[in-house]
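Engineer: Pasting data_19.pdb here (PDB, C-alpha atoms, pLDDT in the B column):
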ATOM      1  CA  MET A   1      88.713 -36.427 114.801  1.00 48.00           C
ATOM      2  CA  SER A   2      87.586 -39.788 113.432  1.00 44.00           C
ATOM      3  CA  ASP A   3      88.591 -41.842 110.391  1.00 47.00           C
ATOM      4  CA  GLU A   4      85.271 -40.877 108.838  1.00 50.00           C
ATOM      5  CA  ASP A   5      86.081 -37.188 109.281  1.00 48.00           C
ATOM      6  CA  PRO A   6      89.568 -36.654 107.843  1.00 62.00           C
ATOM      7  CA  VAL A   7      91.207 -33.252 107.981  1.00 74.00           C
ATOM      8  CA  GLN A   8      90.025 -31.014 105.159  1.00 83.00           C
ATOM      9  CA  ARG A   9      91.645 -27.914 103.737  1.00 85.00           C
ATOM     10  CA  LEU A  10      89.824 -24.626 103.544  1.00 91.00           C
ATOM     11  CA  THR A  11      88.691 -23.582 100.072  1.00 92.00           C
ATOM     12  CA  ARG A  12      88.495 -19.969  98.915  1.00 94.00           C
ATOM     13  CA  ALA A  13      84.697 -20.156  98.629  1.00 95.00           C
ATOM     14  CA  ARG A  14      84.395 -21.555 102.128  1.00 95.00           C
ATOM     15  CA  LEU A  15      86.704 -18.862 103.485  1.00 96.00           C
ATOM     16  CA  ARG A  16      84.510 -16.149 101.963  1.00 97.00           C
ATOM     17  CA  GLN A  17      81.414 -17.716 103.525  1.00 97.00           C
ATOM     18  CA  LEU A  18      83.063 -17.827 106.932  1.00 98.00           C
ATOM     19  CA  GLN A  19      84.301 -14.252 106.667  1.00 97.00           C
ATOM     20  CA  LYS A  20      80.691 -13.131 106.217  1.00 98.00           C
ATOM     21  CA  LEU A  21      80.029 -14.320 109.767  1.00 98.00           C
ATOM     22  CA  LYS A  22      81.731 -11.167 111.007  1.00 96.00           C
ATOM     23  CA  THR A  23      78.340  -9.432 110.603  1.00 97.00           C
ATOM     24  CA  ALA A  24      75.365 -10.062 112.892  1.00 95.00           C
ATOM     25  CA  ARG A  25      73.033 -10.323 109.909  1.00 96.00           C
ATOM     26  CA  GLU A  26      75.032 -13.153 108.347  1.00 97.00           C
ATOM     27  CA  ARG A  27      75.299 -14.966 111.686  1.00 97.00           C
ATOM     28  CA  ARG A  28      71.518 -14.927 111.944  1.00 95.00           C
ATOM     29  CA  GLU A  29      70.927 -15.849 108.305  1.00 96.00           C
ATOM     30  CA  GLN A  30      73.470 -18.658 108.265  1.00 96.00           C
ATOM     31  CA  GLY A  31      72.380 -19.854 111.707  1.00 97.00           C
ATOM     32  CA  GLN A  32      75.970 -20.203 112.896  1.00 98.00           C
ATOM     33  CA  PHE A  33      78.847 -18.231 114.369  1.00 98.00           C
ATOM     34  CA  LEU A  34      82.570 -18.570 114.990  1.00 98.00           C
ATOM     35  CA  ILE A  35      84.279 -18.694 118.356  1.00 98.00           C
ATOM     36  CA  GLU A  36      88.021 -18.189 118.584  1.00 98.00           C
ATOM     37  CA  GLY A  37      90.770 -19.267 120.940  1.00 97.00           C
ATOM     38  CA  GLU A  38      92.032 -22.643 122.128  1.00 97.00           C
ATOM     39  CA  LYS A  39      90.550 -22.442 125.629  1.00 97.00           C
ATOM     40  CA  LEU A  40      87.160 -21.218 124.417  1.00 97.00           C
ATOM     41  CA  VAL A  41      86.979 -24.025 121.862  1.00 98.00           C
ATOM     42  CA  HIS A  42      87.889 -26.562 124.562  1.00 97.00           C
ATOM     43  CA  ASP A  43      85.201 -25.057 126.807  1.00 97.00           C
ATOM     44  CA  ALA A  44      82.618 -25.364 124.030  1.00 97.00           C
ATOM     45  CA  ILE A  45      83.526 -29.010 123.474  1.00 97.00           C
ATOM     46  CA  ALA A  46      83.339 -29.714 127.220  1.00 96.00           C
ATOM     47  CA  ALA A  47      79.905 -28.063 127.364  1.00 96.00           C
ATOM     48  CA  GLU A  48      78.750 -30.247 124.441  1.00 96.00           C
ATOM     49  CA  ALA A  49      77.911 -27.179 122.383  1.00 96.00           C
ATOM     50  CA  SER A  50      76.480 -27.672 118.905  1.00 97.00           C
ATOM     51  CA  ILE A  51      79.807 -27.499 117.100  1.00 98.00           C
ATOM     52  CA  ILE A  52      79.647 -27.959 113.348  1.00 97.00           C
ATOM     53  CA  GLU A  53      83.354 -27.904 112.592  1.00 97.00           C
ATOM     54  CA  LEU A  54      86.767 -27.028 114.009  1.00 98.00           C
ATOM     55  CA  LEU A  55      89.111 -24.846 111.968  1.00 98.00           C
ATOM     56  CA  THR A  56      92.727 -24.787 113.063  1.00 97.00           C
ATOM     57  CA  THR A  57      96.300 -24.222 112.016  1.00 97.00           C
ATOM     58  CA  SER A  58      97.263 -27.241 114.174  1.00 96.00           C
ATOM     59  CA  PRO A  59      94.907 -30.178 113.482  1.00 95.00           C
ATOM     60  CA  ASP A  60      96.980 -32.552 115.637  1.00 94.00           C
ATOM     61  CA  ARG A  61      95.890 -30.663 118.752  1.00 95.00           C
ATOM     62  CA  TRP A  62      92.306 -31.736 118.074  1.00 96.00           C
ATOM     63  CA  SER A  63      92.926 -35.388 117.224  1.00 90.00           C
ATOM     64  CA  GLN A  64      90.494 -36.490 119.934  1.00 91.00           C
ATOM     65  CA  ALA A  65      87.682 -34.149 118.878  1.00 91.00           C
ATOM     66  CA  ASP A  66      84.620 -35.952 117.555  1.00 92.00           C
ATOM     67  CA  VAL A  67      83.785 -33.279 114.972  1.00 94.00           C
ATOM     68  CA  PRO A  68      85.097 -32.494 111.479  1.00 94.00           C
ATOM     69  CA  VAL A  69      88.403 -30.633 111.420  1.00 96.00           C
ATOM     70  CA  THR A  70      89.556 -28.219 108.711  1.00 96.00           C
ATOM     71  CA  LYS A  71      93.178 -27.138 108.410  1.00 96.00           C
ATOM     72  CA  LEU A  72      93.824 -23.418 108.150  1.00 96.00           C
ATOM     73  CA  SER A  73      96.846 -21.630 106.822  1.00 96.00           C
ATOM     74  CA  ARG A  74      98.209 -18.921 109.100  1.00 95.00           C
ATOM     75  CA  ALA A  75      97.063 -16.320 106.556  1.00 96.00           C
ATOM     76  CA  ASP A  76      93.516 -17.673 106.547  1.00 96.00           C
ATOM     77  CA  ALA A  77      93.455 -17.723 110.356  1.00 97.00           C
ATOM     78  CA  GLU A  78      94.344 -14.049 110.303  1.00 96.00           C
ATOM     79  CA  ARG A  79      91.553 -13.370 107.799  1.00 96.00           C
ATOM     80  CA  LEU A  80      89.009 -15.067 110.043  1.00 97.00           C
ATOM     81  CA  SER A  81      90.272 -13.651 113.319  1.00 96.00           C
ATOM     82  CA  ASP A  82      88.769 -10.781 115.246  1.00 92.00           C
ATOM     83  CA  THR A  83      92.023 -10.302 117.182  1.00 92.00           C
ATOM     84  CA  ARG A  84      95.416  -8.817 116.396  1.00 90.00           C
ATOM     85  CA  THR A  85      97.300 -11.988 117.340  1.00 91.00           C
ATOM     86  CA  PRO A  86      95.109 -14.983 116.436  1.00 94.00           C
ATOM     87  CA  GLN A  87      95.856 -18.301 118.119  1.00 95.00           C
ATOM     88  CA  GLY A  88      94.731 -20.167 115.013  1.00 97.00           C
ATOM     89  CA  HIS A  89      91.895 -22.173 116.592  1.00 98.00           C
ATOM     90  CA  PHE A  90      88.202 -21.659 115.775  1.00 98.00           C
ATOM     91  CA  ALA A  91      84.948 -23.541 116.154  1.00 98.00           C
ATOM     92  CA  LEU A  92      81.897 -23.062 113.976  1.00 98.00           C
ATOM     93  CA  VAL A  93      78.871 -23.270 116.278  1.00 98.00           C
ATOM     94  CA  ARG A  94      75.154 -23.509 115.511  1.00 97.00           C
ATOM     95  CA  ASN A  95      73.288 -20.361 116.495  1.00 94.00           C
ATOM     96  CA  GLU A  96      70.733 -21.984 118.793  1.00 91.00           C
ATOM     97  CA  LEU A  97      69.648 -19.288 121.228  1.00 93.00           C
ATOM     98  CA  GLY A  98      66.724 -20.127 123.487  1.00 85.00           C
ATOM     99  CA  SER A  99      63.207 -18.740 123.583  1.00 86.00           C
ATOM    100  CA  PRO A 100      62.403 -15.610 125.615  1.00 93.00           C
ATOM    101  CA  GLY A 101      59.701 -17.261 127.735  1.00 92.00           C
ATOM    102  CA  ALA A 102      59.762 -17.446 131.535  1.00 94.00           C
ATOM    103  CA  PRO A 103      61.825 -20.260 133.082  1.00 95.00           C
ATOM    104  CA  SER A 104      60.003 -23.120 134.758  1.00 94.00           C
ATOM    105  CA  GLY A 105      59.943 -23.823 138.470  1.00 94.00           C
ATOM    106  CA  ALA A 106      58.985 -22.009 141.643  1.00 95.00           C
ATOM    107  CA  GLN A 107      62.193 -19.990 141.864  1.00 96.00           C
ATOM    108  CA  TRP A 108      64.184 -18.360 139.054  1.00 97.00           C
ATOM    109  CA  GLN A 109      66.056 -15.260 137.995  1.00 98.00           C
ATOM    110  CA  VAL A 110      66.347 -13.586 134.616  1.00 98.00           C
ATOM    111  CA  VAL A 111      68.744 -10.837 133.547  1.00 98.00           C
ATOM    112  CA  VAL A 112      67.276  -8.484 130.939  1.00 98.00           C
ATOM    113  CA  LEU A 113      69.749  -6.451 128.867  1.00 98.00           C
ATOM    114  CA  ASP A 114      68.141  -3.263 127.616  1.00 98.00           C
ATOM    115  CA  ALA A 115      70.326  -1.699 124.890  1.00 98.00           C
ATOM    116  CA  VAL A 116      73.644  -2.592 126.540  1.00 98.00           C
ATOM    117  CA  GLN A 117      75.777  -1.660 123.557  1.00 97.00           C
ATOM    118  CA  ASP A 118      79.332  -2.601 124.475  1.00 98.00           C
ATOM    119  CA  ALA A 119      80.143  -6.201 123.522  1.00 98.00           C
ATOM    120  CA  GLY A 120      82.613  -6.548 126.386  1.00 97.00           C
ATOM    121  CA  ASN A 121      79.951  -5.503 128.874  1.00 98.00           C
ATOM    122  CA  VAL A 122      77.459  -7.982 127.438  1.00 98.00           C
ATOM    123  CA  GLY A 123      80.001 -10.804 127.599  1.00 98.00           C
ATOM    124  CA  GLY A 124      80.957  -9.891 131.147  1.00 98.00           C
ATOM    125  CA  ILE A 125      77.319  -9.889 132.278  1.00 98.00           C
ATOM    126  CA  ILE A 126      76.775 -13.303 130.666  1.00 98.00           C
ATOM    127  CA  ARG A 127      79.823 -14.564 132.556  1.00 98.00           C
ATOM    128  CA  SER A 128      78.434 -13.243 135.849  1.00 98.00           C
ATOM    129  CA  ALA A 129      75.014 -14.698 135.032  1.00 98.00           C
ATOM    130  CA  ALA A 130      76.516 -18.166 134.678  1.00 98.00           C
ATOM    131  CA  ALA A 131      78.616 -17.767 137.825  1.00 98.00           C
ATOM    132  CA  PHE A 132      75.606 -16.769 139.920  1.00 98.00           C
ATOM    133  CA  GLU A 133      73.132 -19.330 138.572  1.00 97.00           C
ATOM    134  CA  ILE A 134      70.909 -17.033 136.537  1.00 98.00           C
ATOM    135  CA  ASP A 135      68.325 -19.018 134.587  1.00 97.00           C
ATOM    136  CA  LEU A 136      68.098 -16.802 131.503  1.00 98.00           C
ATOM    137  CA  VAL A 137      69.849 -13.827 129.926  1.00 98.00           C
ATOM    138  CA  LEU A 138      67.369 -11.962 127.735  1.00 98.00           C
ATOM    139  CA  ILE A 139      68.999  -9.836 125.010  1.00 98.00           C
ATOM    140  CA  GLY A 140      66.880  -6.837 124.030  1.00 98.00           C
ATOM    141  CA  PRO A 141      66.987  -4.746 120.842  1.00 97.00           C
ATOM    142  CA  GLY A 142      69.964  -2.406 120.722  1.00 97.00           C
ATOM    143  CA  THR A 143      72.091  -4.751 122.844  1.00 98.00           C
ATOM    144  CA  ALA A 144      75.313  -6.091 121.342  1.00 98.00           C
ATOM    145  CA  ASP A 145      74.746  -9.330 119.461  1.00 98.00           C
ATOM    146  CA  PRO A 146      75.450 -12.229 121.864  1.00 98.00           C
ATOM    147  CA  THR A 147      77.241 -14.158 119.107  1.00 98.00           C
ATOM    148  CA  HIS A 148      79.682 -11.299 118.421  1.00 98.00           C
ATOM    149  CA  PRO A 149      83.289 -12.499 118.866  1.00 97.00           C
ATOM    150  CA  ARG A 150      83.983  -9.907 121.568  1.00 97.00           C
ATOM    151  CA  VAL A 151      80.941 -11.106 123.524  1.00 98.00           C
ATOM    152  CA  THR A 152      81.945 -14.766 123.393  1.00 98.00           C
ATOM    153  CA  ARG A 153      85.543 -13.956 124.341  1.00 97.00           C
ATOM    154  CA  ALA A 154      84.467 -11.817 127.313  1.00 97.00           C
ATOM    155  CA  ALA A 155      81.956 -14.436 128.450  1.00 98.00           C
ATOM    156  CA  THR A 156      84.534 -17.237 128.108  1.00 96.00           C
ATOM    157  CA  GLY A 157      83.149 -20.766 128.495  1.00 96.00           C
ATOM    158  CA  ALA A 158      80.301 -19.364 130.606  1.00 97.00           C
ATOM    159  CA  TRP A 159      78.584 -18.484 127.304  1.00 98.00           C
ATOM    160  CA  PHE A 160      77.708 -22.167 126.969  1.00 97.00           C
ATOM    161  CA  GLN A 161      76.562 -22.580 130.571  1.00 96.00           C
ATOM    162  CA  VAL A 162      73.624 -20.183 130.696  1.00 97.00           C
ATOM    163  CA  ARG A 163      70.486 -19.935 128.598  1.00 97.00           C
ATOM    164  CA  ILE A 164      70.569 -16.907 126.287  1.00 98.00           C
ATOM    165  CA  ALA A 165      67.610 -15.629 124.283  1.00 98.00           C
ATOM    166  CA  ARG A 166      66.919 -12.721 121.958  1.00 97.00           C
ATOM    167  CA  SER A 167      63.898 -10.461 122.371  1.00 97.00           C
ATOM    168  CA  SER A 168      62.333  -8.581 119.475  1.00 95.00           C
ATOM    169  CA  ASN A 169      59.965  -6.714 121.818  1.00 97.00           C
ATOM    170  CA  LEU A 170      61.466  -6.280 125.267  1.00 97.00           C
ATOM    171  CA  ALA A 171      58.387  -4.683 126.862  1.00 98.00           C
ATOM    172  CA  ASP A 172      56.211  -7.619 125.790  1.00 98.00           C
ATOM    173  CA  ASP A 173      58.721 -10.180 127.012  1.00 98.00           C
ATOM    174  CA  VAL A 174      59.260  -8.449 130.358  1.00 98.00           C
ATOM    175  CA  ASP A 175      55.484  -8.293 130.748  1.00 98.00           C
ATOM    176  CA  THR A 176      55.362 -12.049 130.112  1.00 97.00           C
ATOM    177  CA  LEU A 177      57.946 -12.574 132.854  1.00 98.00           C
ATOM    178  CA  ARG A 178      55.897 -10.370 135.171  1.00 97.00           C
ATOM    179  CA  ARG A 179      52.708 -12.307 134.443  1.00 96.00           C
ATOM    180  CA  GLY A 180      54.728 -15.440 135.161  1.00 96.00           C
ATOM    181  CA  GLY A 181      55.238 -14.184 138.700  1.00 97.00           C
ATOM    182  CA  ALA A 182      58.447 -12.184 138.435  1.00 98.00           C
ATOM    183  CA  THR A 183      59.174  -9.045 140.403  1.00 98.00           C
ATOM    184  CA  VAL A 184      60.870  -6.656 137.986  1.00 98.00           C
ATOM    185  CA  LEU A 185      63.860  -4.862 139.505  1.00 98.00           C
ATOM    186  CA  ALA A 186      65.836  -2.292 137.525  1.00 97.00           C
ATOM    187  CA  ALA A 187      69.468  -1.387 138.169  1.00 96.00           C
ATOM    188  CA  ASP A 188      69.447   2.378 138.691  1.00 95.00           C
ATOM    189  CA  SER A 189      71.888   4.618 140.575  1.00 90.00           C
ATOM    190  CA  SER A 190      68.919   6.589 141.957  1.00 90.00           C
ATOM    191  CA  GLY A 191      67.219   3.486 143.354  1.00 94.00           C
ATOM    192  CA  GLY A 192      67.093   1.999 146.827  1.00 94.00           C
ATOM    193  CA  LYS A 193      70.206   0.472 148.341  1.00 93.00           C
ATOM    194  CA  LEU A 194      70.964  -3.044 147.165  1.00 94.00           C
ATOM    195  CA  ASP A 195      71.666  -4.390 150.655  1.00 90.00           C
ATOM    196  CA  SER A 196      68.149  -3.359 151.711  1.00 90.00           C
ATOM    197  CA  CYS A 197      66.556  -5.201 148.813  1.00 89.00           C
ATOM    198  CA  SER A 198      64.844  -8.521 149.525  1.00 88.00           C
ATOM    199  CA  ILE A 199      65.058 -11.081 146.724  1.00 93.00           C
ATOM    200  CA  PRO A 200      61.698 -12.585 145.700  1.00 95.00           C
ATOM    201  CA  ALA A 201      61.432 -16.167 144.472  1.00 96.00           C
ATOM    202  CA  LYS A 202      61.118 -14.965 140.877  1.00 98.00           C
ATOM    203  CA  VAL A 203      63.054 -11.926 139.689  1.00 98.00           C
ATOM    204  CA  ALA A 204      63.681 -10.169 136.386  1.00 98.00           C
ATOM    205  CA  TRP A 205      66.694  -7.870 136.719  1.00 98.00           C
ATOM    206  CA  ILE A 206      66.802  -5.116 134.082  1.00 98.00           C
ATOM    207  CA  VAL A 207      70.215  -3.710 133.214  1.00 98.00           C
ATOM    208  CA  GLY A 208      70.009  -0.609 131.038  1.00 97.00           C
ATOM    209  CA  ASN A 209      72.093   1.235 128.488  1.00 96.00           C
ATOM    210  CA  GLU A 210      75.557   2.459 129.538  1.00 94.00           C
ATOM    211  CA  GLY A 211      74.596   6.113 129.133  1.00 92.00           C
ATOM    212  CA  SER A 212      70.817   6.442 129.375  1.00 94.00           C
ATOM    213  CA  GLY A 213      69.866   3.578 131.671  1.00 94.00           C
ATOM    214  CA  VAL A 214      66.602   1.661 131.450  1.00 96.00           C
ATOM    215  CA  SER A 215      64.282   2.659 128.598  1.00 96.00           C
ATOM    216  CA  ALA A 216      61.256   4.761 129.458  1.00 95.00           C
ATOM    217  CA  ASP A 217      58.897   2.273 127.790  1.00 96.00           C
ATOM    218  CA  LEU A 218      59.870  -0.290 130.436  1.00 98.00           C
ATOM    219  CA  ASP A 219      59.061   2.062 133.340  1.00 96.00           C
ATOM    220  CA  PRO A 220      55.460   0.835 133.788  1.00 97.00           C
ATOM    221  CA  LEU A 221      56.756  -2.713 134.234  1.00 98.00           C
ATOM    222  CA  VAL A 222      59.382  -1.904 136.881  1.00 98.00           C
ATOM    223  CA  ASP A 223      58.379  -2.762 140.459  1.00 97.00           C
ATOM    224  CA  ALA A 224      61.439  -1.198 142.090  1.00 97.00           C
ATOM    225  CA  ARG A 225      64.831   0.302 141.291  1.00 97.00           C
ATOM    226  CA  VAL A 226      67.983  -0.880 142.974  1.00 97.00           C
ATOM    227  CA  ALA A 227      71.358   0.859 143.340  1.00 95.00           C
ATOM    228  CA  VAL A 228      74.795  -0.406 144.299  1.00 95.00           C
ATOM    229  CA  PRO A 229      76.075   1.910 147.073  1.00 92.00           C
ATOM    230  CA  ILE A 230      79.328   3.626 146.088  1.00 92.00           C
ATOM    231  CA  ALA A 231      81.583   6.287 147.581  1.00 93.00           C
ATOM    232  CA  GLU A 232      80.647   9.940 147.383  1.00 90.00           C
ATOM    233  CA  GLY A 233      82.166  11.786 144.465  1.00 88.00           C
ATOM    234  CA  VAL A 234      82.125   8.747 142.184  1.00 89.00           C
ATOM    235  CA  ASP A 235      79.678   9.210 139.353  1.00 84.00           C
ATOM    236  CA  SER A 236      78.723   5.597 138.626  1.00 86.00           C
ATOM    237  CA  LEU A 237      79.911   2.046 138.106  1.00 91.00           C
ATOM    238  CA  ASN A 238      80.491   0.338 134.788  1.00 95.00           C
ATOM    239  CA  VAL A 239      77.296  -1.540 133.874  1.00 96.00           C
ATOM    240  CA  ASN A 240      79.127  -4.862 133.805  1.00 97.00           C
ATOM    241  CA  VAL A 241      80.583  -4.290 137.284  1.00 97.00           C
ATOM    242  CA  ALA A 242      77.249  -3.121 138.701  1.00 96.00           C
ATOM    243  CA  ALA A 243      75.435  -6.135 137.254  1.00 97.00           C
ATOM    244  CA  GLY A 244      78.024  -8.502 138.709  1.00 98.00           C
ATOM    245  CA  ILE A 245      77.632  -7.011 142.199  1.00 97.00           C
ATOM    246  CA  ILE A 246      73.841  -7.178 142.001  1.00 97.00           C
ATOM    247  CA  LEU A 247      73.804 -10.782 140.800  1.00 98.00           C
ATOM    248  CA  HIS A 248      76.296 -11.818 143.483  1.00 97.00           C
ATOM    249  CA  HIS A 249      74.111 -10.196 146.144  1.00 96.00           C
ATOM    250  CA  ALA A 250      71.070 -12.055 144.821  1.00 96.00           C
ATOM    251  CA  TYR A 251      73.028 -15.324 144.699  1.00 96.00           C
ATOM    252  CA  GLU A 252      74.023 -15.009 148.363  1.00 95.00           C
ATOM    253  CA  ARG A 253      70.500 -14.099 149.496  1.00 92.00           C
ATOM    254  CA  VAL A 254      68.962 -17.018 147.604  1.00 91.00           C
ATOM    255  CA  HIS A 255      71.462 -19.472 149.099  1.00 88.00           C
ATOM    256  CA  GLU A 256      70.917 -18.076 152.597  1.00 88.00           C
ATOM    257  CA  ARG A 257      67.166 -18.574 152.133  1.00 82.00           C
ATOM    258  CA  SER A 258      67.680 -22.127 150.905  1.00 79.00           C
ATOM    259  CA  ALA A 259      69.826 -22.958 153.938  1.00 79.00           C
ATOM    260  CA  THR A 260      67.139 -21.943 156.458  1.00 72.00           C
TER     261      THR A 260
END
What would you get if you wrote out this structure as structure tokens?

Structural biologist:
Amino acid sequence: MSDEDPVQRLTRARLRQLQKLKTARERREQGQFLIEGEKLVHDAIAAEASIIELLTTSPDRWSQADVPVTKLSRADAERLSDTRTPQGHFALVRNELGSPGAPSGAQWQVVVLDAVQDAGNVGGIIRSAAAFEIDLVLIGPGTADPTHPRVTRAATGAWFQVRIARSSNLADDVDTLRRGGATVLAADSSGGKLDSCSIPAKVAWIVGNEGSGVSADLDPLVDARVAVPIAEGVDSLNVNVAAGIILHHAYERVHERSAT
């Protein structure tokens, strides 16, 4: 917080504008979104995210922040919050998601989310993607908006450590990845065992909807289906858990290959 950027107070008009960011449409139209929570805001600052402004009930905590700071009343923090017990710390971030094109280089991995509807699942998969060095998370139609507050909270600071892109036509974008050299592997409980799956240099992992799995229109693009082995009598794993296991397996195989 510099001398040129003194603490401001939130106006009613500004509060109404910020409250509109609770909808995905407004987040896209305004080109910005709110993140909430002291740790997440610190993580965003550390990652040098495109922060427009900090909004807080305790401006003194952010005296070293090199961005404008706006003071919130406790009541206004509650109006902006997506939680029952708001901490009173928010950051307004530019909505700068990446392009859906294939990553560069001779070796890369992409996670494709096909209509994964639960925001907590999407955030958890983004967190795993960052932890296991995934190059791109591609968000398909029907998937929870990656800028939704529940997504950013579940992803934690990992949200700012992995490239995230939206797809308006998932089949076209997966085909582009395939033409870029990717082997397309779909998570599917009826597929081959994960531990028997070799990991190519370029992979696009498709994670499907919680109930219906991978969309039928992606079937022609899938090279193989992969399942996480589980105990008999258990129906299935949560999509977030399954994705984390798959990405960890791929991470270990890639690092074993690099070490030889």

Engineer: How would you write as a ChimeraX atom specification the residues that get within 10 Å of (70.3, -5.3, 149.8) in the file's frame, counting all atoms listed in the file?

Structural biologist: /A:192-199,226-229,246,249-250,253

Engineer: Can you tell me which residues surround Asn169 in chain A at a distance of at most 9 Å, considering only C-alpha atoms, apart from same-chain residues fewer than 3 positions away, and format the answer as a count of residues only?

Structural biologist: 5

Engineer: Residues picked by the PyMOL selection byres ((chain A and resi 80) around 12) here, as a VMD selection string?

Structural biologist: chain A and resid 10 14 to 22 33 to 37 55 to 57 72 to 79 81 to 92 149

Engineer: Give me the residues within 12 Å of range 61-69 of chain A as a ChimeraX atom specification, counting all atoms listed in the file and dropping any in the same chain fewer than 2 places off.

Structural biologist: /A:1-10,38-39,41-42,44-46,48-59,71-72,88-93

Engineer: Between CA of Leu40 in chain A and CA of His148 in chain A, what is the distance in Å, rounded to a tenth?

Structural biologist: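 Answer for the CA of Leu40 in chain A to CA of His148 in chain A separation: 13.8 Å.
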
Engineer: Could you tell me which residues the PyMOL selection byres ((chain A and resi 182) around 12) returns for this structure, as a PyMOL selection string?

Structural biologist: chain A and resi 101-111+173-181+183-185+199-206+221-224

Engineer: Between A:Ala187, A:Ala130, A:Ala158, A:Ala171, single out the one closest to Leu237 in chain A, counting all atoms listed in the file.

Structural biologist: A:Ala187

Engineer: Using the chain letters and numbers from the file, which residues does the PyMOL selection byres ((chain A and resi 95) around 6) grab, as a list of chain:residue names?

Structural biologist: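 With the shown file as input, the PyMOL selection byres ((chain A and resi 95) around 6) matches A:Gly31, A:Gln32, A:Arg94, A:Glu96.
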
Engineer: Nearest to Gln117 in chain A: which of A:Gly208, A:Leu170, A:Glu133, A:Asp43 is it, counting all atoms listed in the file?

Structural biologist: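 Of A:Gly208, A:Leu170, A:Glu133, A:Asp43, the one nearest Gln117 in chain A, counting all atoms listed in the file, is A:Gly208.
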
Engineer: What's the separation between CA of Arg28 in chain A and CA of Thr70 in chain A, in Å to one decimal place?

Structural biologist: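 Between CA of Arg28 in chain A and CA of Thr70 in chain A the gap works out to 22.6 Å.
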
Engineer: Draw an axis-aligned box tight on the listed atoms of range 152-162 of chain A, then pad every side by 4 Å and write out centre and edge lengths in Å to one decimal as JSON.

Structural biologist:
{"center_x": 79.6, "center_y": -17.2, "center_z": 127.0, "size_x": 19.9, "size_y": 18.8, "size_z": 15.3}

Engineer: For a test of reading the model, state the distance in Å between CA of Ile139 in chain A and CA of Glu256 in chain A, rounded to one decimal.

Structural biologist: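 These two atoms are separated by 28.9 Å.
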
Engineer: Fewer than 2 positions away in the same chain doesn't count, so skip those; otherwise give me all residues within 8 Å of Asn240 in chain A, counting all atoms listed in the file, as JSON, numbers by chain.

Structural biologist: {"A": [121, 122, 124, 125, 238, 242, 243, 244]}

Engineer: Which one of A:Gln161, A:Ser168, A:Ser236, A:Thr152 sits closest to Asp188 in chain A if you count all atoms listed in the file?

Structural biologist: A:Ser236

Engineer: Using all atoms listed in the file, find the one residue out of A:Gly233, A:Pro100, A:Gly211, A:Pro220 that sits nearest to Leu136 in chain A.

Structural biologist: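 Of all the options, A:Pro100 lies closest to Leu136 in chain A.
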
Engineer: Would you mind telling me which residue in A:Ala144, A:Val241, A:Ala259, A:Leu113 lies nearest to Thr23 in chain A when using only C-alpha atoms?

Structural biologist: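 Distance minimum relative to Thr23 in chain A lands on A:Ala144.
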
Engineer: Return the single residue from A:Ala13, A:Ile134, A:Ala119, A:Val234 that is closest to His248 in chain A, with distances computed using only C-alpha atoms.

Structural biologist: A:Ile134
